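The file target_26.cif comes next; it holds mmCIF, C-alpha atoms and all ligand atoms.
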```cif
data_input
#
loop_
_atom_site.label_atom_id
_atom_site.label_comp_id
_atom_site.auth_asym_id
_atom_site.auth_seq_id
_atom_site.Cartn_x
_atom_site.Cartn_y
_atom_site.Cartn_z
CA LEU A 61 13.34 17.69 11.43
CA LYS A 62 9.94 16.41 12.44
CA THR A 63 9.11 12.84 13.36
CA PHE A 64 6.78 10.92 15.68
CA SER A 65 7.77 10.67 19.32
CA LYS A 66 6.81 7.21 20.59
CA GLY A 67 9.06 4.27 19.64
CA GLY A 68 10.23 3.60 16.10
CA ILE A 69 13.51 2.42 14.65
CA ILE A 70 16.12 3.74 12.26
CA LEU A 71 16.64 1.23 9.45
CA PRO A 72 19.22 1.15 6.64
CA ASP A 73 17.09 2.44 3.78
CA ASN A 74 18.68 0.47 0.90
CA LYS A 75 16.76 2.48 -1.69
CA PHE A 76 18.78 1.01 -4.58
CA SER A 77 16.18 1.93 -7.20
CA ALA A 78 15.75 5.57 -6.11
CA ASN A 79 17.39 6.89 -9.28
CA CYS A 80 15.68 4.48 -11.68
CA PRO A 81 12.90 6.18 -13.64
CA VAL A 82 9.63 4.28 -13.93
CA GLU A 83 9.79 1.89 -16.88
CA THR A 84 6.61 0.67 -18.56
CA PHE A 85 6.54 -3.11 -18.19
CA PRO A 86 5.58 -5.07 -21.33
CA VAL A 87 1.98 -6.27 -21.52
CA PRO A 88 2.06 -9.91 -20.37
CA GLU A 89 0.69 -12.76 -22.49
CA ILE A 90 -1.59 -13.92 -19.70
CA VAL A 91 -2.98 -11.98 -16.75
CA LYS A 92 -4.63 -13.47 -13.69
CA ILE A 93 -6.89 -10.89 -12.13
CA HIS A 94 -8.08 -11.65 -8.61
CA LEU A 95 -11.55 -10.51 -7.60
CA SER A 96 -10.49 -10.00 -4.02
CA GLN A 97 -7.72 -7.46 -4.19
CA HIS A 98 -9.20 -5.22 -1.53
CA ILE A 99 -10.48 -5.31 2.03
CA GLY A 100 -14.12 -6.42 2.01
CA ALA A 101 -16.30 -8.66 -0.11
CA PRO A 102 -14.91 -9.97 -3.43
CA ALA A 103 -16.15 -8.38 -6.64
CA ILE A 104 -18.72 -10.34 -8.67
CA PRO A 105 -17.65 -11.44 -12.17
CA LEU A 106 -19.45 -9.82 -15.12
CA VAL A 107 -17.70 -11.80 -17.87
CA GLN A 108 -17.63 -15.40 -19.02
CA VAL A 109 -15.07 -17.68 -20.64
CA SER A 110 -14.58 -16.77 -24.34
CA ASP A 111 -15.70 -13.14 -23.83
CA ARG A 112 -13.53 -10.61 -25.66
CA ILE A 113 -12.66 -7.56 -23.65
CA LYS A 114 -10.78 -4.31 -23.81
CA THR A 115 -8.11 -2.84 -21.56
CA GLY A 116 -9.86 -0.93 -18.77
CA GLN A 117 -13.19 -2.76 -19.12
CA LEU A 118 -15.11 -3.54 -15.94
CA ILE A 119 -14.89 -7.32 -15.46
CA ALA A 120 -16.15 -7.67 -11.89
CA LYS A 121 -18.50 -5.45 -9.96
CA ALA A 122 -18.20 -4.39 -6.33
CA GLN A 123 -20.74 -5.90 -3.97
CA ASP A 124 -22.69 -3.66 -1.64
CA ASN A 125 -20.96 -2.25 1.42
CA VAL A 126 -17.17 -2.74 1.52
CA SER A 127 -15.92 -3.91 -1.90
CA ALA A 128 -14.29 -2.54 -5.07
CA ASN A 129 -14.72 -2.83 -8.84
CA VAL A 130 -12.12 -4.80 -10.82
CA HIS A 131 -11.10 -3.98 -14.42
CA SER A 132 -9.21 -5.81 -17.10
CA SER A 133 -5.58 -4.76 -17.45
CA VAL A 134 -5.29 -6.11 -21.02
CA SER A 135 -7.41 -6.57 -24.13
CA GLY A 136 -8.04 -10.15 -25.21
CA THR A 137 -10.10 -13.22 -24.40
CA VAL A 138 -11.21 -14.63 -21.07
CA ILE A 139 -9.82 -18.17 -20.98
CA GLU A 140 -10.66 -19.30 -17.45
CA ILE A 141 -12.52 -18.27 -14.31
CA SER A 142 -11.45 -20.28 -11.30
CA GLU A 143 -10.12 -20.10 -7.76
CA MET A 144 -6.44 -19.58 -6.97
CA THR A 145 -4.13 -18.50 -4.18
CA ASN A 146 -3.24 -14.82 -4.30
CA ILE A 147 0.01 -13.07 -3.38
CA ASN A 148 -1.11 -12.95 0.27
CA GLY A 149 -1.61 -16.70 0.36
CA GLN A 150 -5.43 -16.43 0.38
CA LYS A 151 -7.75 -18.23 -2.02
CA SER A 152 -9.84 -16.03 -4.25
CA GLN A 153 -11.71 -16.18 -7.52
CA VAL A 154 -9.60 -15.15 -10.49
CA ILE A 155 -10.32 -14.18 -14.11
CA ILE A 156 -7.58 -15.32 -16.49
CA ILE A 157 -7.25 -13.39 -19.74
CA ARG A 158 -5.05 -14.09 -22.75
CA SER A 159 -3.91 -10.76 -24.12
CA GLU A 160 -4.34 -9.92 -27.79
CA GLY A 161 -3.01 -6.52 -28.83
CA ASP A 162 -3.68 -3.72 -26.37
CA THR A 163 -6.95 -2.01 -27.24
CA TRP A 164 -8.06 0.39 -24.54
CA LEU A 165 -11.59 1.59 -23.86
CA GLU A 166 -12.20 4.67 -26.03
CA SER A 167 -13.31 6.65 -22.98
CA ILE A 168 -9.80 6.63 -21.45
CA ASP A 169 -7.75 9.74 -22.22
CA ARG A 170 -4.33 8.38 -23.24
CA SER A 171 -2.82 11.73 -24.19
CA GLY A 172 0.18 12.92 -22.20
CA ASP A 173 -1.59 16.20 -21.32
CA ILE A 174 -1.89 17.09 -17.67
CA LYS A 175 -5.51 17.95 -16.96
CA ASN A 176 -6.45 20.28 -14.20
CA ASP A 177 -10.23 20.44 -14.02
CA ILE A 178 -11.10 20.84 -10.39
CA SER A 179 -14.51 22.31 -11.12
CA ILE A 180 -15.98 18.78 -11.15
CA PRO A 181 -18.60 18.45 -8.36
CA ALA A 182 -17.50 16.52 -5.26
CA GLU A 183 -20.14 13.78 -5.75
CA GLU A 184 -18.92 13.23 -9.29
CA ILE A 185 -15.30 12.92 -8.10
CA ILE A 186 -16.32 10.27 -5.55
CA ARG A 187 -18.37 8.42 -8.16
CA LYS A 188 -15.40 8.30 -10.53
CA ILE A 189 -13.09 7.07 -7.73
CA LYS A 190 -15.60 4.34 -6.89
CA ASP A 191 -16.17 3.34 -10.52
CA ALA A 192 -12.40 3.13 -11.12
CA GLY A 193 -12.02 0.56 -8.33
CA ILE A 194 -9.50 2.61 -6.37
CA VAL A 195 -8.30 1.21 -3.06
CA GLY A 196 -5.51 2.29 -0.68
CA LEU A 197 -2.38 1.55 -2.72
CA GLY A 198 0.05 1.81 0.19
CA GLY A 199 -0.85 -1.80 0.85
CA ALA A 200 -3.97 -1.37 3.01
CA THR A 201 -6.36 -1.79 0.02
CA PHE A 202 -9.39 -0.29 1.78
CA PRO A 203 -11.84 1.05 -0.87
CA THR A 204 -11.00 4.75 -1.21
CA HIS A 205 -14.52 6.08 -1.89
CA LEU A 206 -15.61 4.72 1.49
CA LYS A 207 -12.67 6.27 3.30
CA LEU A 208 -13.54 9.63 1.77
CA THR A 209 -17.19 9.46 2.75
CA TYR A 210 -16.72 8.02 6.25
CA LYS A 211 -18.62 10.19 8.65
CA GLY A 212 -16.39 10.34 11.68
CA GLU A 213 -17.10 12.15 14.88
CA LYS A 214 -16.27 15.47 13.28
CA LYS A 215 -15.84 17.14 9.93
CA PHE A 216 -12.58 16.63 8.03
CA GLU A 217 -10.13 19.47 8.69
CA ILE A 218 -6.76 18.41 7.33
CA LEU A 219 -5.64 16.18 4.47
CA ILE A 220 -2.35 14.38 5.07
CA ILE A 221 -0.55 12.85 2.11
CA ASN A 222 1.75 9.99 2.95
CA GLY A 223 4.97 10.39 0.99
CA ALA A 224 7.07 8.91 3.80
CA GLU A 225 7.76 5.58 2.09
CA CYS A 226 9.50 4.46 5.26
CA GLU A 227 9.95 0.77 4.36
CA PRO A 228 13.48 0.03 3.12
CA TYR A 229 14.01 -0.71 -0.60
CA ILE A 230 10.65 0.64 -1.86
CA THR A 231 10.90 3.66 -4.17
CA SER A 232 7.65 3.65 -6.19
CA ASP A 233 6.11 6.65 -4.40
CA HIS A 234 9.43 8.48 -4.55
CA ARG A 235 9.54 8.09 -8.33
CA LEU A 236 5.89 9.15 -8.69
CA MET A 237 6.61 12.33 -6.71
CA LEU A 238 9.52 13.13 -9.03
CA GLU A 239 7.89 12.12 -12.31
CA LYS A 240 4.21 12.90 -11.71
CA GLY A 241 4.39 15.79 -9.23
CA LYS A 242 2.03 18.05 -11.17
CA GLU A 243 -0.58 15.32 -11.53
CA LEU A 244 -0.30 14.60 -7.81
CA ILE A 245 -1.00 18.23 -6.96
CA VAL A 246 -4.19 18.05 -9.07
CA GLY A 247 -5.13 14.81 -7.27
CA ILE A 248 -4.62 16.53 -3.91
CA GLN A 249 -6.78 19.47 -4.98
CA LEU A 250 -9.54 17.04 -5.98
CA LEU A 251 -9.31 15.36 -2.59
CA MET A 252 -9.39 18.71 -0.78
CA LYS A 253 -12.58 19.51 -2.64
CA VAL A 254 -14.22 16.19 -1.77
CA LEU A 255 -13.23 16.46 1.87
CA ASP A 256 -14.03 20.18 2.02
CA VAL A 257 -10.70 21.04 3.68
CA ASP A 258 -8.45 23.99 2.98
CA LYS A 259 -5.21 22.54 4.32
CA ALA A 260 -3.09 19.65 3.06
CA PHE A 261 0.36 18.47 4.09
CA ILE A 262 2.61 16.11 2.15
CA GLY A 263 4.95 14.34 4.58
CA ILE A 264 8.19 13.17 2.94
CA GLU A 265 11.23 11.66 4.63
CA GLU A 266 14.46 13.60 4.22
CA ASN A 267 16.12 10.73 2.30
CA LYS A 268 13.98 11.87 -0.67
CA LYS A 269 15.38 15.40 -0.77
CA ASP A 270 14.92 15.72 -4.54
CA ALA A 271 11.19 15.00 -4.18
CA ILE A 272 10.89 17.49 -1.30
CA ASP A 273 12.62 20.19 -3.38
CA TYR A 274 10.60 19.48 -6.52
CA LEU A 275 7.20 19.42 -4.83
CA THR A 276 8.08 22.52 -2.78
CA ASP A 277 8.97 24.22 -6.02
CA ILE A 278 5.75 23.37 -7.85
CA THR A 279 3.45 24.05 -4.89
CA GLY A 280 5.16 27.39 -4.17
CA SER A 281 2.13 29.47 -5.00
CA LYS A 282 -0.40 27.09 -3.44
CA ALA A 283 0.06 27.89 0.23
CA LYS A 284 -2.79 25.53 1.07
CA ILE A 285 -0.59 22.53 0.22
CA ARG A 286 2.58 22.34 2.31
CA ILE A 287 5.51 19.95 2.06
CA VAL A 288 6.89 18.73 5.39
CA SER A 289 10.38 17.19 5.65
CA LEU A 290 10.50 14.30 8.05
CA LYS A 291 13.39 12.60 9.81
CA PRO A 292 13.59 9.06 8.38
CA LYS A 293 12.21 6.69 10.99
CA TYR A 294 10.20 3.50 10.71
CA PRO A 295 7.11 3.21 10.79
CA GLN A 296 6.53 6.86 9.89
CA GLY A 297 4.06 5.82 7.18
CA GLY A 298 1.65 4.52 9.84
CA GLU A 299 -1.33 6.92 9.72
CA LYS A 300 -1.20 7.86 13.38
CA GLN A 301 2.59 8.22 13.36
CA LEU A 302 2.45 10.45 10.29
CA ILE A 303 -0.24 12.68 11.78
CA LYS A 304 1.81 13.01 14.98
CA ALA A 305 4.99 13.79 13.03
CA ILE A 306 3.35 16.46 10.88
CA THR A 307 0.86 18.11 13.21
CA GLY A 308 1.98 17.07 16.70
CA ARG A 309 -1.54 15.72 17.33
CA GLU A 310 -1.95 12.33 18.99
CA ILE A 311 -4.77 10.03 17.81
CA PRO A 312 -5.91 7.89 20.76
CA LEU A 313 -5.74 4.11 20.36
CA HIS A 314 -9.49 3.65 20.12
CA LYS A 315 -10.04 6.42 17.53
CA LEU A 316 -9.58 6.64 13.79
CA PRO A 317 -7.82 9.62 12.19
CA ALA A 318 -11.20 10.57 10.65
CA ASP A 319 -12.68 10.87 14.14
CA MET A 320 -10.19 13.68 14.81
CA GLY A 321 -10.72 15.43 11.45
CA PHE A 322 -7.79 13.90 9.54
CA ALA A 323 -7.89 12.17 6.16
CA VAL A 324 -4.75 10.29 5.13
CA GLN A 325 -4.02 9.16 1.57
CA ASN A 326 -0.91 7.64 0.07
CA ILE A 327 0.96 8.99 -2.97
CA SER A 328 0.15 6.10 -5.33
CA THR A 329 -3.52 6.36 -4.40
CA VAL A 330 -3.53 10.10 -5.14
CA PHE A 331 -2.04 9.42 -8.57
CA ALA A 332 -4.71 6.78 -9.27
CA ILE A 333 -7.36 9.33 -8.23
CA TYR A 334 -5.89 11.89 -10.65
CA GLU A 335 -6.03 9.33 -13.47
CA ALA A 336 -9.57 8.19 -12.64
CA VAL A 337 -11.04 11.67 -12.36
CA GLN A 338 -9.09 13.57 -15.03
CA LYS A 339 -8.38 10.77 -17.51
CA ASP A 340 -11.31 8.40 -16.91
CA LYS A 341 -8.78 5.64 -16.37
CA PRO A 342 -9.72 2.76 -14.07
CA LEU A 343 -7.10 1.26 -11.77
CA PHE A 344 -5.53 -1.53 -13.80
CA GLU A 345 -1.82 -0.77 -13.51
CA ARG A 346 0.49 0.58 -10.83
CA VAL A 347 4.14 1.33 -10.10
CA ILE A 348 5.99 -1.50 -8.35
CA THR A 349 9.58 -1.57 -7.10
CA VAL A 350 11.56 -4.74 -7.83
CA SER A 351 14.66 -4.83 -5.65
CA GLY A 352 16.56 -6.67 -2.91
CA SER A 353 20.10 -7.95 -2.54
CA ASN A 354 19.53 -10.82 -4.98
CA ILE A 355 18.26 -8.60 -7.81
CA LYS A 356 20.73 -7.53 -10.51
CA ASN A 357 18.97 -4.37 -11.69
CA PRO A 358 16.74 -2.83 -9.05
CA SER A 359 13.86 -1.18 -10.95
CA ASN A 360 10.56 0.65 -10.78
CA PHE A 361 8.05 -0.76 -13.24
CA LEU A 362 4.60 0.40 -14.31
CA VAL A 363 2.93 -3.00 -14.25
CA ARG A 364 -0.48 -4.25 -15.40
CA ILE A 365 -2.44 -5.82 -12.52
CA GLY A 366 -2.43 -9.60 -12.94
CA THR A 367 1.14 -9.86 -14.28
CA PRO A 368 2.89 -12.91 -12.76
CA ILE A 369 5.66 -11.76 -10.40
CA ARG A 370 8.01 -14.25 -12.11
CA GLU A 371 8.05 -11.91 -15.12
CA LEU A 372 9.03 -8.91 -12.99
CA ILE A 373 11.86 -10.83 -11.33
CA THR A 374 13.10 -12.22 -14.66
CA LYS A 375 13.22 -8.75 -16.19
CA ALA A 376 15.10 -7.22 -13.23
CA GLY A 377 17.44 -10.25 -13.17
CA ILE A 378 18.39 -12.57 -10.33
CA LYS A 379 22.01 -12.72 -9.16
CA ASP A 380 21.97 -16.20 -7.67
CA GLU A 381 19.26 -18.40 -9.20
CA SER A 382 19.84 -21.23 -6.75
CA SER A 383 18.74 -19.31 -3.72
CA GLY A 384 16.31 -16.61 -2.87
CA THR A 385 13.50 -15.52 -0.64
CA ILE A 386 10.76 -13.47 -2.25
CA ILE A 387 8.79 -10.86 -0.36
CA SER A 388 5.70 -9.04 -1.58
CA GLY A 389 5.84 -5.55 -0.06
CA GLY A 390 8.55 -4.15 2.19
CA PRO A 391 10.92 -6.22 4.31
CA MET A 392 9.18 -5.13 7.53
CA MET A 393 5.49 -5.58 6.72
CA GLY A 394 5.63 -7.62 3.53
CA LYS A 395 4.73 -11.28 3.13
CA ALA A 396 6.87 -14.16 1.91
CA VAL A 397 5.81 -15.44 -1.51
CA GLU A 398 5.98 -19.18 -2.10
CA ASP A 399 4.85 -19.30 -5.71
CA MET A 400 6.52 -17.14 -8.38
CA ASP A 401 3.47 -17.44 -10.62
CA VAL A 402 1.13 -15.50 -8.36
CA PRO A 403 0.06 -12.25 -10.00
CA VAL A 404 0.52 -8.71 -8.74
CA THR A 405 -2.59 -7.11 -7.27
CA LYS A 406 -3.61 -3.53 -6.54
CA GLY A 407 -1.91 -3.71 -3.14
CA THR A 408 1.49 -4.89 -4.41
CA THR A 409 3.94 -2.07 -3.65
CA ALA A 410 7.13 -4.05 -4.23
CA VAL A 411 8.61 -7.43 -5.00
CA LEU A 412 11.89 -8.01 -3.14
CA VAL A 413 14.28 -10.92 -3.60
CA PHE A 414 16.94 -11.72 -1.02
CA ALA A 415 19.65 -14.34 -0.79
CA ARG A 416 18.37 -17.12 1.40
CA ASN A 417 21.25 -16.89 3.88
CA GLU A 418 20.43 -13.24 4.43
CA MET A 419 17.08 -13.90 6.03
CA ARG A 420 17.31 -14.01 9.79
CA LYS A 421 17.06 -17.52 11.12
CA VAL A 422 17.95 -17.17 14.79
CA LYS A 423 16.63 -19.95 16.97
CA PRO A 424 14.13 -18.23 19.27
CA ARG A 425 15.13 -18.17 22.92
CA SER A 426 13.27 -17.17 26.07
CA CYS A 427 12.39 -13.57 26.71
CA ILE A 428 15.07 -11.93 28.86
CA ARG A 429 12.81 -8.96 29.74
CA CYS A 430 15.24 -6.49 28.20
CA GLY A 431 12.39 -4.13 27.29
CA LYS A 432 13.71 -3.39 23.79
CA CYS A 433 10.41 -4.34 22.13
CA VAL A 434 8.60 -1.95 24.49
CA GLU A 435 11.00 0.89 23.66
CA VAL A 436 10.40 0.64 19.91
CA CYS A 437 6.65 -0.01 19.81
CA PRO A 438 5.07 3.09 18.21
CA GLN A 439 1.73 2.27 19.83
CA GLY A 440 3.19 2.16 23.34
CA PHE A 441 2.45 -1.54 23.85
CA GLU A 442 4.43 -4.22 25.69
CA PRO A 443 4.78 -6.66 22.77
CA TYR A 444 6.48 -9.36 24.85
CA ILE A 445 3.30 -9.62 26.94
CA PHE A 446 1.14 -10.08 23.82
CA ALA A 447 3.47 -12.89 22.77
CA ILE A 448 3.39 -14.63 26.15
CA LEU A 449 -0.41 -14.36 26.33
CA SER A 450 -0.73 -15.77 22.80
CA GLU A 451 1.60 -18.66 23.67
CA ASN A 452 -0.59 -19.35 26.70
CA GLU A 453 -3.75 -19.03 24.59
CA ASP A 454 -4.96 -16.31 26.95
CA TYR A 455 -6.96 -14.39 24.36
CA GLU A 456 -9.13 -12.64 26.91
CA ASN A 457 -6.21 -10.75 28.41
CA ASN A 458 -4.81 -10.04 24.97
CA GLU A 459 -8.11 -8.39 24.11
CA ILE A 460 -8.06 -6.38 27.31
CA LYS A 461 -4.55 -5.23 26.41
CA LYS A 462 -5.86 -4.13 22.99
CA ILE A 463 -3.80 -6.48 20.83
CA ASN A 464 -6.07 -5.58 17.89
CA ASN A 465 -4.63 -2.08 17.87
CA CYS A 466 -1.23 -3.48 16.90
CA PHE A 467 -0.82 -2.58 13.22
CA GLU A 468 1.84 -5.23 12.66
CA CYS A 469 4.78 -2.91 11.91
CA GLY A 470 7.23 -5.63 13.02
CA SER A 471 9.56 -3.24 14.91
CA CYS A 472 9.38 -5.39 18.05
CA THR A 473 10.48 -8.54 16.21
CA TYR A 474 13.27 -6.63 14.48
CA VAL A 475 14.95 -5.55 17.72
CA CYS A 476 14.40 -8.61 19.91
CA PRO A 477 17.84 -9.94 20.94
CA SER A 478 16.32 -13.34 21.73
CA GLY A 479 15.07 -13.75 18.17
CA ARG A 480 11.49 -14.12 19.35
CA PRO A 481 8.98 -14.09 16.49
CA LEU A 482 6.84 -11.56 18.34
CA LEU A 483 4.83 -10.51 15.30
CA SER A 484 3.87 -14.12 14.47
CA PHE A 485 2.61 -14.57 18.03
CA ILE A 486 0.74 -11.27 17.80
CA LYS A 487 -0.90 -12.18 14.48
CA GLU A 488 -2.02 -15.47 15.93
CA GLY A 489 -3.32 -13.71 19.03
CA LYS A 490 -5.24 -11.15 16.96
CA LYS A 491 -6.82 -13.88 14.86
CA ASN A 492 -7.96 -15.73 17.95
CA VAL A 493 -9.31 -12.61 19.65
CA LYS A 494 -11.35 -11.94 16.51
CA ASN A 495 -12.73 -15.48 16.41
CA LYS A 496 -13.31 -15.69 20.15
S1 LIG B 1 12.82 -7.57 23.08
FE1 LIG B 1 12.63 -9.80 23.15
S2 LIG B 1 13.79 -10.41 24.94
FE2 LIG B 1 13.48 -8.19 25.11
S3 LIG B 1 11.60 -7.97 26.33
FE3 LIG B 1 10.98 -7.99 24.21
S4 LIG B 1 10.50 -10.15 23.78
FE4 LIG B 1 11.71 -10.11 25.64
S1 LIG B 2 4.17 -5.03 15.58
FE1 LIG B 2 2.58 -4.22 16.95
S2 LIG B 2 3.35 -4.62 18.99
FE2 LIG B 2 5.11 -4.84 17.60
S3 LIG B 2 6.05 -2.81 17.59
FE3 LIG B 2 4.58 -2.83 15.89
S4 LIG B 2 2.67 -2.00 16.72
FE4 LIG B 2 4.00 -2.56 18.47
#
```

If you took the structure in this file and wrote it as structure tokens, what would it be?
Ligand code: SF4
Ligand code: SF4
Amino acid sequence: LKTFSKGGIILPDNKFSANCPVETFPVPEIVKIHLSQHIGAPAIPLVQVSDRIKTGQLIAKAQDNVSANVHSSVSGTVIEISEMTNINGQKSQVIIIRSEGDTWLESIDRSGDIKNDISIPAEEIIRKIKDAGIVGLGGATFPTHLKLTYKGEKKFEILIINGAECEPYITSDHRLMLEKGKELIVGIQLLMKVLDVDKAFIGIEENKKDAIDYLTDITGSKAKIRIVSLKPKYPQGGEKQLIKAITGREIPLHKLPADMGFAVQNISTVFAIYEAVQKDKPLFERVITVSGSNIKNPSNFLVRIGTPIRELITKAGIKDESSGTIISGGPMMGKAVEDMDVPVTKGTTAVLVFARNEMRKVKPRSCIRCGKCVEVCPQGFEPYIFAILSENEDYENNEIKKINNCFECGSCTYVCPSGRPLLSFIKEGKKNVKNK
């Protein structure tokens, strides 16, 4: 089985919700829709308090350059526009809507038919992706239309679809591959057209054998799209790691995949592209896994953007109400959530709840130079040095050592026998290098 060669760790996958079909989550009474749910400038509001709107209506417009449109996920009345903390702990402007019924824009095709019109011109596909406000749904949230039109050092040659889902617990992409495989293949064909490539690979870890078998079955006649089984290893979903695992090609630290002719898209993003282009449906809902040791019924929900995470947790059920740590995203790269009333955003892949005593609370000790963090770093760094330099506020040397190329996978922190919070030091170091 294929995998990347440098570093990485084998984690218990704990995919408790792997066999739970996607359930449509009820429309919430109130949604809070952040205008900064993507990398780049916040969207600019187009509505005012008291405006009545429909599900799927554009409520905030992307600014120039890097930004993304934002749409309403419910029909109803705007009751407030203010500033609030989002799921990542950052302040952003938010539009609060009280839902009344669920009246969708007439232009959205709500039929269950699978459409397969790939004769649409490439420019039109990109325009629809941009209009729909699609961003990288694996968590990166970079506006997709920009990623598709980035002019790297060479022409795109290969499309890589990230079906690795290497973070423990998360199963939303797995379920999409099983339940929406045919739509995904149409989405991939649209992307191949836009990128003008004739080869695509879908990389899937072997712990999702049913998805590998199903997609292999339905792509049988389309030799241009190949399914690649991967040995489960974290962080295989990292773009450079996935490219290495599938093609054997190494992307140098200072280059982007696009510079070497690769385009990488995640499964949830491909599904959103299918819906935008074939169904004229903007991005206002997504599949989210709710799981973790303190959740009674691990689930995959199709959730409207702006739904408070409290509602997701309540529906899945908490085992021990008196204790719990909530994480938005996976246990390795996710962020702790302090406030249960923050809403889900486009980048929310999962909401995990753990018993408090389960979270590692080792008192950090000195580095014993065991080298374990070096062994597991998929970028070939010496993470302990980043940490020491950050502690010493030596940002110049951290920059020289390319700390900004750390993509915060957390593998180094996970293996450190001295309990050193390496990733926290690294994040601090990166921030300071940027502000230097
Ligand atoms: S794993 Fe921890 S103790 Fe070992 S070298 Fe890295 S920082 Fe030091
Ligand atoms: S968090 Fe950064 S330094 Fe640590 S293992 Fe991952 S890429 Fe390497």

Just the residues within 12 Å of Arg187 in chain A, please, counting only C-alpha atoms, with nothing from its chain fewer than 3 positions along; format it as a PyMOL selection string. chain A and resi 129+180-184+190-194+204-206+208-209+254+333+336-337+340+342

Those selected residues, please, written with C-alpha atoms and delivered as a PDB file, in the coordinates of the input.
```pdb
ATOM      1  CA  ASN A 129     -14.720  -2.830  -8.840  1.00  0.00           C
ATOM      2  CA  ILE A 180     -15.980  18.780 -11.150  1.00  0.00           C
ATOM      3  CA  PRO A 181     -18.600  18.450  -8.360  1.00  0.00           C
ATOM      4  CA  ALA A 182     -17.500  16.520  -5.260  1.00  0.00           C
ATOM      5  CA  GLU A 183     -20.140  13.780  -5.750  1.00  0.00           C
ATOM      6  CA  GLU A 184     -18.920  13.230  -9.290  1.00  0.00           C
ATOM      7  CA  LYS A 190     -15.600   4.340  -6.890  1.00  0.00           C
ATOM      8  CA  ASP A 191     -16.170   3.340 -10.520  1.00  0.00           C
ATOM      9  CA  ALA A 192     -12.400   3.130 -11.120  1.00  0.00           C
ATOM     10  CA  GLY A 193     -12.020   0.560  -8.330  1.00  0.00           C
ATOM     11  CA  ILE A 194      -9.500   2.610  -6.370  1.00  0.00           C
ATOM     12  CA  THR A 204     -11.000   4.750  -1.210  1.00  0.00           C
ATOM     13  CA  HIS A 205     -14.520   6.080  -1.890  1.00  0.00           C
ATOM     14  CA  LEU A 206     -15.610   4.720   1.490  1.00  0.00           C
ATOM     15  CA  LEU A 208     -13.540   9.630   1.770  1.00  0.00           C
ATOM     16  CA  THR A 209     -17.190   9.460   2.750  1.00  0.00           C
ATOM     17  CA  VAL A 254     -14.220  16.190  -1.770  1.00  0.00           C
ATOM     18  CA  ILE A 333      -7.360   9.330  -8.230  1.00  0.00           C
ATOM     19  CA  ALA A 336      -9.570   8.190 -12.640  1.00  0.00           C
ATOM     20  CA  VAL A 337     -11.040  11.670 -12.360  1.00  0.00           C
ATOM     21  CA  ASP A 340     -11.310   8.400 -16.910  1.00  0.00           C
ATOM     22  CA  PRO A 342      -9.720   2.760 -14.070  1.00  0.00           C
TER      23      PRO A 342
END
```

Please, which residues have at least one atom within 10 Å of an atom of ligand LIG 2 (chain B), using all atoms listed in the file, listed as a ChimeraX atom specification? /A:67-69,294-295,298,392-393,432-447,463-475,482-487

Residues within 10 Å of range 233-241 of chain A, please, as a PyMOL selection string. Count all atoms listed in the file; anything in the same chain fewer than 3 positions from it doesn't count. chain A and resi 75+77-82+174+198+222-225+230+244-247+264-265+267-275+278-279+326-329+331+347-349+360+409

Neighbouring residues of Phe322 in chain A were defined as those with any atom within 10 Å, considering only C-alpha atoms; residues of the same chain fewer than 6 positions away were excluded. Please report them as a ChimeraX atom specification. /A:212,214-220,255,257,260,299-300,303,311,316

File of the preceding selection, C-alpha atoms, as a PDB file, keeping the file's coordinate frame:
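Dumped everything to part-v2.pdb:
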```pdb
ATOM      1  CA  GLY A 212     -16.390  10.340  11.680  1.00  0.00           C
ATOM      2  CA  LYS A 214     -16.270  15.470  13.280  1.00  0.00           C
ATOM      3  CA  LYS A 215     -15.840  17.140   9.930  1.00  0.00           C
ATOM      4  CA  PHE A 216     -12.580  16.630   8.030  1.00  0.00           C
ATOM      5  CA  GLU A 217     -10.130  19.470   8.690  1.00  0.00           C
ATOM      6  CA  ILE A 218      -6.760  18.410   7.330  1.00  0.00           C
ATOM      7  CA  LEU A 219      -5.640  16.180   4.470  1.00  0.00           C
ATOM      8  CA  ILE A 220      -2.350  14.380   5.070  1.00  0.00           C
ATOM      9  CA  LEU A 255     -13.230  16.460   1.870  1.00  0.00           C
ATOM     10  CA  VAL A 257     -10.700  21.040   3.680  1.00  0.00           C
ATOM     11  CA  ALA A 260      -3.090  19.650   3.060  1.00  0.00           C
ATOM     12  CA  GLU A 299      -1.330   6.920   9.720  1.00  0.00           C
ATOM     13  CA  LYS A 300      -1.200   7.860  13.380  1.00  0.00           C
ATOM     14  CA  ILE A 303      -0.240  12.680  11.780  1.00  0.00           C
ATOM     15  CA  ILE A 311      -4.770  10.030  17.810  1.00  0.00           C
ATOM     16  CA  LEU A 316      -9.580   6.640  13.790  1.00  0.00           C
TER      17      LEU A 316
END
```

Who sits within 8 Å of Leu302 in chain A, all atoms listed in the file, same chain under 6 positions skipped, as a list in words: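 Listing them by chain and then by number gives Thr63, Phe64, Asn222, Gly263 and Gln296 of chain A.
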
Between CA of Ala305 in chain A and CA of Pro317 in chain A, measure the distance and give it in Å to one decimal.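 Result for CA of Ala305 in chain A versus CA of Pro317 in chain A: 13.5 Å, one decimal.
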
For Val397 in chain A, which residue among A:Gln150, A:Ser179, A:Ser65, A:Ser426 is the nearest when counting all atoms listed in the file?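 Smallest distance to Val397 in chain A is found for A:Gln150.
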